[in-house]
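Below: one structure, written as structure tokens.
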Amino acid sequence: MTLAAVRSPQHDLPASHTEPDGSVVVRVLSYNIRSLRDAPGQQPGAARQAVARVIRATAPDVVCVQEAPRFFRWRKALARLAREAGLVHVAGGATTTGPAILSTLRPHVEHTAEVGLPRTPGLPRRGVAGAVLRFGDVRLAVLSCHFGPAAGERYVHAGQLLGQLTALDAPYAVAAGGFGEGPQGRAFQRLTAGPLHDARELRPWGSEFTAPVAHPHQRIDAVLTTGGVEVLGCGVPDALAAVRPDDLHTAADHRPVLAALRLPHPGGRTD
């Protein structure tokens, strides 16, 4: 099956599918959801409903969430979002102080990891949600992260993230989330100087900037991939016909990043 055969005019990215040789196309969404907090003047639940609509419109296989609910009845809140978006909760939330992973039922969850990062005195604790997902014979490690405002801490956490990438031990990996800085930042460059690559730089698609949502001029949210992963497109999905512009403003204070990735079957993989 050719990519042209599976392109959807609505999404303008390849749809999720498995190719005849066992290779898979996987859609990954990274989204800072602001703990599903409603803005002043919004109806109760408006943010959650808008986030769910955005997720459904972008049709991801995997969602790397940042700022997931993490206080009173956080599991119930995260499970409700997953249900309304047509997904299941895989890992993270309060256990990782915000980062979480949701997915469809398409992948098999081999195992998960919920890891705290070194804390800087006076700053909130940070964590990473991880999982190894198997799509047929193809194994993909997924990490969801949310770095903080201090540059020195971000650099340390970038090194910790690379360590978790190694620990998950899968042929392919994706790290997605809020990195607190753009591609020229030291932490970002520490990540992309090693095994990770900036998916948008490899294959730009959609809009570039993710924050602030009203007047975006910063690219501080990203999807990073390891070698062997073919990026088919990556960017903010604000031009998709199914994504309502008002939902992007209602849902959160960051815009999401969507990537379509092709993972070759391990039997035919070439580096």
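Letters for chains follow the order of the structure tokens (A, B, ...), residue numbers begin at 1 for each chain, and ligand numbers begin at 1 in the order shown.
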Name the residues of stretch 34-258 of chain A that fall into strand (DSSP E) according to DSSP on the backbone, using the chain letters and numbers of this document, as number ranges by chain. A: 62-66, 88-92, 100-103, 108-116, 127-135, 138-146, 172-178, 196-198, 221-226, 230-235, 257-258
Using only C-alpha atoms, find each residue of stretch 125-153 of chain A with at least one atom at most 9 Å away from an atom of stretch 15-28 of chain A; report its shortest atom-to-atom pair and that distance in Å (one decimal), sort the rows by chain and rising residue number, and return the result as a tab-separated table.
```
residue	atom	partner	partner_atom	distance
A:Phe135	CA	A:Val24	CA	7.2
A:Gly136	CA	A:Gly22	CA	7.2
A:Asp137	CA	A:Gly22	CA	7.1
A:Val138	CA	A:Ser23	CA	7.2
```
List the neighbours of stretch 86-101 of chain A out to 7 Å using only C-alpha atoms; skip same-chain residues closer than 5 positions along the sequence, and give me the result as an MDAnalysis selection string. chainID A and resid 63:71 74 79 112 114:116 125:130 144:146
With only C-alpha atoms as the basis for distance, which of A:Ala173, A:Glu181, A:Val132, A:Arg53 is at the shortest distance from A:Tyr155? A:Glu181
Based on the backbone DSSP call, show me all residues of stretch 20-61 of chain A assigned helix (DSSP H, G or I), as a PyMOL selection string. chain A and resi 34-36+46-58
Export of the given selection (N, CA and C atoms) as a CSV table (one decimal), in the first residue's frame:
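The resulting file, again38.csv, is shown below:
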```
chain,number,residue,atom,x,y,z
A,34,ARG,N,-2.9,21.5,30.6
A,34,ARG,CA,-3.1,22.5,31.7
A,34,ARG,C,-4.0,21.9,32.8
A,35,SER,N,-3.8,20.6,33.1
A,35,SER,CA,-4.5,19.9,34.2
A,35,SER,C,-6.0,19.9,34.0
A,36,LEU,N,-6.5,20.2,32.7
A,36,LEU,CA,-7.9,20.2,32.4
A,36,LEU,C,-8.6,21.3,33.1
A,46,ALA,N,-15.5,22.3,30.3
A,46,ALA,CA,-15.3,22.8,28.9
A,46,ALA,C,-13.9,22.4,28.4
A,47,ALA,N,-12.9,22.6,29.3
A,47,ALA,CA,-11.5,22.3,28.8
A,47,ALA,C,-11.4,20.8,28.5
A,48,ARG,N,-11.9,19.9,29.4
A,48,ARG,CA,-11.8,18.5,29.1
A,48,ARG,C,-12.4,18.1,27.8
A,49,GLN,N,-13.6,18.6,27.6
A,49,GLN,CA,-14.3,18.3,26.3
A,49,GLN,C,-13.6,18.8,25.1
A,50,ALA,N,-13.0,20.0,25.2
A,50,ALA,CA,-12.3,20.5,24.1
A,50,ALA,C,-11.0,19.7,23.8
A,51,VAL,N,-10.3,19.3,24.9
A,51,VAL,CA,-9.1,18.5,24.7
A,51,VAL,C,-9.5,17.2,24.0
A,52,ALA,N,-10.6,16.6,24.5
A,52,ALA,CA,-11.0,15.3,23.9
A,52,ALA,C,-11.4,15.4,22.4
A,53,ARG,N,-12.0,16.6,22.1
A,53,ARG,CA,-12.3,16.8,20.6
A,53,ARG,C,-11.1,17.0,19.8
A,54,VAL,N,-10.1,17.7,20.3
A,54,VAL,CA,-8.8,17.9,19.6
A,54,VAL,C,-8.2,16.5,19.4
A,55,ILE,N,-8.1,15.7,20.4
A,55,ILE,CA,-7.5,14.4,20.3
A,55,ILE,C,-8.2,13.5,19.3
A,56,ARG,N,-9.5,13.5,19.3
A,56,ARG,CA,-10.3,12.7,18.4
A,56,ARG,C,-10.0,13.2,16.9
A,57,ALA,N,-10.0,14.5,16.8
A,57,ALA,CA,-9.8,15.1,15.4
A,57,ALA,C,-8.5,14.8,14.8
A,58,THR,N,-7.4,14.6,15.7
A,58,THR,CA,-6.1,14.3,15.2
A,58,THR,C,-5.8,12.8,15.0
```
Within 9 Å of stretch 218-229 of chain A, which residues of stretch 12-125 of chain A come that close, and what is the closest atom pair and distance in Å for each? Count only C-alpha atoms and give it as CSV.
```
residue,atom,partner,partner_atom,distance
A:Val28,CA,A:Val223,CA,8.2
A:Leu29,CA,A:Val223,CA,8.2
A:Ser30,CA,A:Val223,CA,7.1
A:Tyr31,CA,A:Asp221,CA,8.2
A:Asn32,CA,A:Asp221,CA,8.5
```
Contacts of A:Cys234 at 7 Å (only C-alpha atoms; same-chain gap of 3+ positions) as a ChimeraX atom specification: /A:199-200,203-205,257-260
Mind giving me the straight-line distance from atom CA of A:Ala151 to atom CA of A:Gly185 in Å, one decimal? 8.4 Å
